[in-house]
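Text of the file work19.pdb, holding PDB, C-alpha atoms:
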```pdb
MODEL        1
ATOM      1  CA  MET A   1     106.096 131.882 128.176
ATOM      2  CA  ILE A   2     108.984 129.644 129.237
ATOM      3  CA  ASP A   3     112.429 130.436 127.825
ATOM      4  CA  VAL A   4     113.173 127.545 125.475
ATOM      5  CA  THR A   5     116.861 128.416 125.126
ATOM      6  CA  THR A   6     117.609 126.962 128.565
ATOM      7  CA  ARG A   7     116.895 123.368 129.506
ATOM      8  CA  VAL A   8     114.404 122.857 132.293
ATOM      9  CA  ARG A   9     116.142 121.174 135.240
ATOM     10  CA  THR A  10     113.753 118.488 136.430
ATOM     11  CA  LEU A  11     113.831 115.973 139.270
ATOM     12  CA  VAL A  12     111.683 112.837 138.968
ATOM     13  CA  VAL A  13     111.032 111.031 142.261
ATOM     14  CA  ASP A  14     109.300 107.664 141.851
ATOM     15  CA  ASP A  15     110.005 104.263 143.367
ATOM     16  CA  ASN A  16     108.575 102.446 140.344
ATOM     17  CA  ARG A  17     111.485 102.089 137.940
ATOM     18  CA  ALA A  18     109.312 101.632 134.836
ATOM     19  CA  HIS A  19     107.258 104.766 135.585
ATOM     20  CA  ARG A  20     110.380 106.743 136.454
ATOM     21  CA  GLU A  21     112.168 105.736 133.239
ATOM     22  CA  ALA A  22     109.091 106.469 131.110
ATOM     23  CA  MET A  23     108.811 109.919 132.667
ATOM     24  CA  MET A  24     112.546 110.510 132.172
ATOM     25  CA  MET A  25     112.285 109.607 128.465
ATOM     26  CA  THR A  26     109.274 111.882 128.023
ATOM     27  CA  LEU A  27     111.035 114.765 129.745
ATOM     28  CA  GLU A  28     114.211 114.311 127.724
ATOM     29  CA  LYS A  29     112.146 114.364 124.503
ATOM     30  CA  LEU A  30     110.697 117.658 125.733
ATOM     31  CA  GLY A  31     114.228 119.013 126.217
ATOM     32  CA  HIS A  32     114.426 118.759 130.003
ATOM     33  CA  ALA A  33     117.673 118.029 131.827
ATOM     34  CA  ALA A  34     116.181 115.333 134.055
ATOM     35  CA  GLN A  35     117.556 113.564 137.102
ATOM     36  CA  GLU A  36     115.958 110.814 139.121
ATOM     37  CA  ALA A  37     115.535 109.591 142.680
ATOM     38  CA  SER A  38     113.665 106.580 144.055
ATOM     39  CA  THR A  39     113.347 107.535 147.744
ATOM     40  CA  VAL A  40     112.617 110.597 149.842
ATOM     41  CA  ALA A  41     116.188 110.554 151.168
ATOM     42  CA  ASP A  42     117.685 110.469 147.649
ATOM     43  CA  ALA A  43     115.389 113.303 146.568
ATOM     44  CA  ARG A  44     116.294 115.340 149.647
ATOM     45  CA  ASP A  45     120.001 114.924 148.894
ATOM     46  CA  LEU A  46     119.584 116.015 145.273
ATOM     47  CA  LEU A  47     117.456 119.012 146.292
ATOM     48  CA  LEU A  48     120.191 120.088 148.706
ATOM     49  CA  GLU A  49     122.922 119.703 146.075
ATOM     50  CA  GLN A  50     121.270 121.628 143.251
ATOM     51  CA  GLU A  51     118.344 123.733 142.151
ATOM     52  CA  PHE A  52     115.520 122.318 140.048
ATOM     53  CA  ASP A  53     112.933 124.176 137.978
ATOM     54  CA  LEU A  54     110.458 121.322 138.254
ATOM     55  CA  VAL A  55     109.993 118.431 140.690
ATOM     56  CA  ILE A  56     107.719 115.508 139.791
ATOM     57  CA  VAL A  57     107.061 113.314 142.797
ATOM     58  CA  ASP A  58     105.143 110.083 143.354
ATOM     59  CA  MET A  59     102.975 110.380 146.447
ATOM     60  CA  GLU A  60     103.812 106.885 147.766
ATOM     61  CA  LEU A  61     107.509 106.172 148.206
ATOM     62  CA  PRO A  62     109.395 103.405 150.046
ATOM     63  CA  ARG A  63     111.611 104.085 153.019
ATOM     64  CA  ALA A  64     115.315 104.436 152.404
ATOM     65  CA  ARG A  65     117.688 101.764 153.698
ATOM     66  CA  GLY A  66     118.775 102.358 157.258
ATOM     67  CA  GLU A  67     115.844 104.653 158.070
ATOM     68  CA  PRO A  68     112.972 103.812 160.444
ATOM     69  CA  ALA A  69     110.521 101.235 159.127
ATOM     70  CA  ARG A  70     107.669 103.380 157.875
ATOM     71  CA  GLN A  71     106.178 104.314 154.546
ATOM     72  CA  GLU A  72     107.564 107.642 153.428
ATOM     73  CA  HIS A  73     105.378 109.979 151.534
ATOM     74  CA  GLY A  74     105.782 112.271 148.567
ATOM     75  CA  LEU A  75     104.468 115.070 150.759
ATOM     76  CA  GLU A  76     107.903 115.174 152.401
ATOM     77  CA  VAL A  77     109.547 115.788 149.036
ATOM     78  CA  ILE A  78     106.979 118.472 148.143
ATOM     79  CA  GLN A  79     107.568 120.265 151.436
ATOM     80  CA  HIS A  80     111.346 119.990 151.110
ATOM     81  CA  ALA A  81     111.259 121.301 147.518
ATOM     82  CA  ARG A  82     109.097 124.255 148.615
ATOM     83  CA  ARG A  83     111.420 125.087 151.525
ATOM     84  CA  ARG A  84     114.374 124.984 149.131
ATOM     85  CA  ASP A  85     112.613 127.125 146.502
ATOM     86  CA  PRO A  86     109.260 128.735 147.391
ATOM     87  CA  ASP A  87     108.539 129.197 143.689
ATOM     88  CA  ALA A  88     109.265 125.578 142.732
ATOM     89  CA  ALA A  89     106.955 123.940 140.217
ATOM     90  CA  VAL A  90     105.995 120.674 141.911
ATOM     91  CA  LEU A  91     103.799 118.005 140.346
ATOM     92  CA  ALA A  92     102.377 115.285 142.570
ATOM     93  CA  ILE A  93     101.752 112.072 140.663
ATOM     94  CA  THR A  94     100.040 108.947 141.945
ATOM     95  CA  GLY A  95      98.628 105.621 140.938
ATOM     96  CA  TYR A  96      96.154 105.804 143.835
ATOM     97  CA  ALA A  97      94.287 109.046 143.273
ATOM     98  CA  SER A  98      91.928 110.235 145.984
ATOM     99  CA  ILE A  99      90.448 113.573 146.918
ATOM    100  CA  GLU A 100      92.169 113.443 150.313
ATOM    101  CA  ASN A 101      95.543 112.779 148.668
ATOM    102  CA  ALA A 102      95.021 115.599 146.178
ATOM    103  CA  VAL A 103      94.078 118.062 148.930
ATOM    104  CA  GLN A 104      97.133 117.093 150.988
ATOM    105  CA  ALA A 105      99.423 117.488 147.973
ATOM    106  CA  MET A 106      98.036 120.909 147.096
ATOM    107  CA  GLN A 107      98.211 122.084 150.721
ATOM    108  CA  ALA A 108     101.851 120.950 150.867
ATOM    109  CA  GLY A 109     102.584 123.084 147.822
ATOM    110  CA  ALA A 110     102.072 120.950 144.724
ATOM    111  CA  SER A 111     101.238 122.959 141.621
ATOM    112  CA  GLU A 112      99.459 120.050 139.956
ATOM    113  CA  TYR A 113      98.093 116.626 140.920
ATOM    114  CA  ILE A 114      98.240 113.958 138.215
ATOM    115  CA  ASN A 115      97.080 110.357 138.011
ATOM    116  CA  LYS A 116      99.686 107.950 136.587
ATOM    117  CA  GLY A 117      97.171 106.917 133.919
ATOM    118  CA  THR A 118      97.031 110.447 132.496
ATOM    119  CA  SER A 119      97.904 110.773 128.796
ATOM    120  CA  LEU A 120     101.274 112.168 127.761
ATOM    121  CA  ASP A 121      99.581 115.116 126.046
ATOM    122  CA  GLU A 122      97.822 116.024 129.286
ATOM    123  CA  ILE A 123     101.073 115.656 131.228
ATOM    124  CA  ARG A 124     102.808 118.012 128.767
ATOM    125  CA  VAL A 125     100.059 120.592 129.267
ATOM    126  CA  ARG A 126     100.309 120.283 133.055
ATOM    127  CA  LEU A 127     104.109 120.559 132.964
ATOM    128  CA  GLN A 128     103.903 123.713 130.861
ATOM    129  CA  ARG A 129     101.242 125.217 133.116
ATOM    130  CA  ALA A 130     103.279 124.490 136.267
ATOM    131  CA  LEU A 131     106.426 126.005 134.742
ATOM    132  CA  GLU A 132     104.564 129.105 133.573
ATOM    133  CA  SER A 133     103.090 129.494 137.050
ATOM    134  CA  ARG A 134     106.599 129.245 138.513
ATOM    135  CA  ALA A 135     107.882 131.901 136.123
ATOM    136  CA  LEU A 136     104.992 134.202 137.055
ATOM    137  CA  ARG A 137     105.617 133.710 140.800
ATOM    138  CA  ARG A 138     109.289 134.589 140.320
ATOM    139  CA  GLU A 139     108.422 137.631 138.235
ATOM    140  CA  LEU A 140     105.910 138.784 140.855
ATOM    141  CA  ARG A 141     108.490 138.320 143.623
ATOM    142  CA  GLN A 142     110.974 140.455 141.631
ATOM    143  CA  ILE A 143     108.361 143.148 140.952
ATOM    144  CA  LYS A 144     107.538 143.300 144.668
ATOM    145  CA  ALA A 145     111.227 143.639 145.564
ATOM    146  CA  ASP A 146     111.728 146.370 142.946
ATOM    147  CA  ASN A 147     108.600 148.166 144.160
ATOM    148  CA  LEU A 148     109.795 148.086 147.772
ATOM    149  CA  LEU A 149     113.163 149.494 146.706
ATOM    150  CA  LEU A 150     111.482 152.343 144.811
ATOM    151  CA  ILE A 151     109.253 153.146 147.791
ATOM    152  CA  ARG A 152     112.267 153.322 150.103
ATOM    153  CA  GLN A 153     114.158 155.551 147.673
ATOM    154  CA  ALA A 154     111.151 157.874 147.356
ATOM    155  CA  GLN A 155     110.761 158.045 151.119
ATOM    156  CA  ARG A 156     114.420 158.995 151.538
ATOM    157  CA  ALA A 157     114.276 161.627 148.792
ATOM    158  CA  TYR A 158     110.861 163.092 149.557
ATOM    159  CA  GLY A 159     110.172 162.079 153.150
ATOM    160  CA  PHE A 160     109.500 164.380 156.077
ATOM    161  CA  ALA A 161     113.224 164.612 156.942
ATOM    162  CA  GLY A 162     113.781 166.775 153.838
ATOM    163  CA  ILE A 163     111.041 169.287 154.613
ATOM    164  CA  ILE A 164     112.182 172.737 155.779
ATOM    165  CA  GLY A 165     109.516 175.193 156.827
ATOM    166  CA  ARG A 166     108.687 178.358 158.727
ATOM    167  CA  SER A 167     105.758 179.165 160.867
TER     168      SER A 167
ENDMDL
END
```
Before anything else, please render the file you have as structure tokens.
Amino acid sequence: MIDVTTRVRTLVVDDNRAHREAMMMTLEKLGHAAQEASTVADARDLLLEQEFDLVIVDMELPRARGEPARQEHGLEVIQHARRRDPDAAVLAITGYASIENAVQAMQAGASEYINKGTSLDEIRVRLQRALESRALRRELRQIKADNLLLIRQAQRAYGFAGIIGRS
């Protein structure tokens, strides 16, 4: 279960101001400390500056001013968030759902794929599931590190170097 004593740090990346503000209000009602970005470049900057527990990203984003004229994609934000934190809970959200888009988002590292028409109750469930998955991944990573440390200590204490024998 997620620790409710700390606020979930969340980044919302969506070029549609109305959708972004609605998501921000929902997250704040849920107790999240939410920040927002409207382009891939803005999201990248925020991800470099600080750590987020959850990243919600629109799959279709406009290019930033001064960058090459091309449509940027939420996949870039997903990949950047995953490089920054391999355990990040990332939700891909779109108004143009397709199987191809969903597969790409999941392959890039999204925890969930949500249509913008999804009900708030469903979004809450998905947010909780993504955050619980993140917590489990972090716990597993810590268990693996602890296990490796114990194995190394046991090998030093009881390895072949400590054996003394006669023939």
- Selection result for the PyMOL selection byres ((chain A and resi 88) around 10) on this file, as a ChimeraX atom specification: /A:51-55,78,81-87,89-91,109-111,130-131,133-135,137-138
- Message: Just checking: using all atoms listed in the file, which residue out of A:Glu60, A:Tyr158, A:Asp42, A:Val12 ends up closest to Met25 of chain A?
- Response: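 Ranked by minimum distance to Met25 of chain A, first place goes to A:Val12.
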- Query: Which residues, written as an MDAnalysis selection string, have at least one atom at most 10 Å from Asp15 of chain A, with all atoms listed in the file counted and residues fewer than 6 positions away on the same chain left out?
  - Reply: chainID A and resid 36:40 57:63
Would you mind exporting the chosen residues as a PDB file, in the frame of the given file, restricted to C-alpha atoms?
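New file result.pdb:
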```pdb
ATOM      1  CA  GLU A  36     115.958 110.814 139.121  1.00  0.00           C
ATOM      2  CA  ALA A  37     115.535 109.591 142.680  1.00  0.00           C
ATOM      3  CA  SER A  38     113.665 106.580 144.055  1.00  0.00           C
ATOM      4  CA  THR A  39     113.347 107.535 147.744  1.00  0.00           C
ATOM      5  CA  VAL A  40     112.617 110.597 149.842  1.00  0.00           C
ATOM      6  CA  VAL A  57     107.061 113.314 142.797  1.00  0.00           C
ATOM      7  CA  ASP A  58     105.143 110.083 143.354  1.00  0.00           C
ATOM      8  CA  MET A  59     102.975 110.380 146.447  1.00  0.00           C
ATOM      9  CA  GLU A  60     103.812 106.885 147.766  1.00  0.00           C
ATOM     10  CA  LEU A  61     107.509 106.172 148.206  1.00  0.00           C
ATOM     11  CA  PRO A  62     109.395 103.405 150.046  1.00  0.00           C
ATOM     12  CA  ARG A  63     111.611 104.085 153.019  1.00  0.00           C
TER      13      ARG A  63
END
```
- Message: Would you compute the distance between atom CA of Val77 of chain A and atom CA of Arg7 of chain A? Give it in Å to one decimal.
- Response: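 Between atom CA of Val77 of chain A and atom CA of Arg7 of chain A the gap works out to 22.2 Å.
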- From atom CA of Glu132 of chain A to atom CA of Lys144 of chain A the spacing works out at 18.3 Å
- Query: What gap, in Å, lies between atom CA of Leu48 of chain A and atom CA of Tyr96 of chain A?
  - Reply: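 Taking atom CA of Leu48 of chain A as the start and atom CA of Tyr96 of chain A as the end point, the length is 28.4 Å.
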